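In what follows, a single structure is set out as structure tokens and then discussed.
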Amino acid sequence: MNFINTFQSEWLKKKRSLASWLVIVGAFFTPSIILMSRIKNADQLSALYVSDDFWQKLWNQTWESMAVFLLPIGIILAAGLITQIEYKNNTWKQLHTTPQRFMTIFFAKFLVILIMLVEVFVLFNIGIYLSAVIPSMLFSNVPYPTAPIPYMDFLNANVNFFLDCLPILALQYLISLQFKNFLVPIGVGFVIWFLGVGMLAWEYSYILPYNHGTIDFLMSSDQFANRKIPPINIQLLAAMYFVVITVASYVLYVTKKEKG
Amino acid sequence: MYCIETVNLIHKFSENETALNCVNLQVIESTIYGFLGQNGAGKTTTLKLILGLLKKQHGEILVFGKPFEKNRVETLRNIGSMIESPSIYGHLTAVENLRILQKVYKCPKRRIQEVLELVGLAQTGNKKANQFSLGMKQRLSIAIALLHNPSLLILDEPTNGLDPNGILEIRELLQNLNQNHGITILISSHLLSEIEKFVMHIGIINQGNLLFQGTLAELVSKRQQNSFIIFETNDDSATLQIINDFGVISRNESGKIAIPILEKETIAAINQKLVENNVEVYQISKIENDLEKIFFDVISE
């Protein structure tokens, strides 16, 4: 009960914040670009909409930028923005003098970011669907896609990408809790992400958690053909990283000498 | 019973920087305790330690008679606090700010309106807190501190940024909370004049050392001890001799003769004797130290 109350309290804080807008913008960015491109080229869509692999093509098209770029960057920004709500408003001291266990505060805030990530996934999937059906609603020459939606494949892919993101989320949360300056978690996050992109050709690039989404995407879209398949399940590795980083993050947060 | 008691509280920010040196603060239940000190004296550090915002290094902190560290959550349930500058979410309204805390304290929703009315912010509507003046932000912080009906209020310089009228209103509010609701209040300030009108006990801290702790009456009696009478004449040595003849200890202070406070008949007799001995008396005046001077005397001792 205490945790639910704390979570509700944390959830209220993000109202009208940049973090809450980031969810909407991040989720609909790629589908919007694709939709605009399809509206512009509506006269060439009829063949595409009757093809058997319509949904798979759309899926790969939308997830390419999402898995490689938008999700890692979005998480870096979201984790930073959520903790910045306390730093910017000078409210850590108020929060830490409320009758709540530090563990409750830590995990309630963490859950807010996790749920925001779930929101992004849900809205992104809705965005993908809308980017497919809106052209058929607007243009008479574009039929509703004839191929069935591969629900289970998409659900599995969603779960995998979600798991891939968790270590990034945990690490960014750790850094954001430790540094008052917003630029530190953002800078560190960007540097690791850039490093990851540069290391992609390396056979051990899966070691870096920021690469998991990209590797997962490349593997699922058959673009990994001439590379060495990681010797470990990427999602399992991501889950392990997530647990270890979260524990470390909690210990660092609780043992911080000054709490406000 | 002490509502707050610290025993030999020592805190160092580094090996060479001692912020607090054996501070033994004693705040009696249902009183208003004024915690005085200049900026950087150690007030905020003490309050942060009491509230668990700083990790305790040495000493004991007892709140409501129990060690704070072992009873942190239970103790904080009964404390309302405001440390340094206002802690409010600028992108939210006053009601939304209080709603966040109302969820945590699980107090009735009607308390939000009650405390807003109490601090005069009931009409702020959809205005975001970052559009508030500093005074309004201070009031909202006080409303947050009062939301859950705490039995102890810890306020660090709560009148900073308020205009004289605002200071008066906060003073009346705190007096009312203390007198009618029995709330213990620990309030810090760097201005004695700001809190001397309503506090019952005073602690004076300087460079991490608690130099004075006692009732306001004890501080006032210190004032009387420090008051004296000045004789300004044309002949200091004759004046000293005549005053000594009355058995009064006197001292020459920058060309004037200072003596302790005496009965007015004795002063008149001394004056008469001076005139009889052809000493020209230019001025006889009573010098009283005000509380502010005592405060500075205490911290400069």
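Here, A, B, ... name the chains of the structure tokens in the order displayed, residue numbers run from 1 inside each chain, and ligands are numbered from 1 in the same displayed order.
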
(request) Compute the chain A side of the contact with chain B at 12 Å, counting only C-alpha atoms, and hand it back as an MDAnalysis selection string. (result) chainID A and resid 1:18 84:105 108 254:260

(message) According to DSSP computed on the backbone, where in region 40-142 of chain B is there alpha helix (DSSP H)? Give the residues as JSON, numbers by chain.
(response) {"B": [43, 44, 45, 46, 47, 48, 49, 50, 72, 73, 74, 75, 76, 94, 95, 96, 97, 98, 99, 100, 101, 102, 103, 104, 105, 110, 111, 112, 113, 114, 115, 116, 117, 118, 134, 135, 136, 137, 138, 139, 140, 141, 142]}

(request) Give me, please, the distance in Å between CA of Trp63 (chain A) and CA of Ile82 (chain A), quoted to one decimal. (result)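 Between CA of Trp63 (chain A) and CA of Ile82 (chain A) the gap works out to 25.0 Å.
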
(message) Taking only C-alpha atoms into account, name the residue in B:Leu155, B:Leu177, B:Leu134, B:Ile294 that is nearest to Ser30 (chain B).
(response)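 Result for the nearest residue to Ser30 (chain B): B:Leu177.
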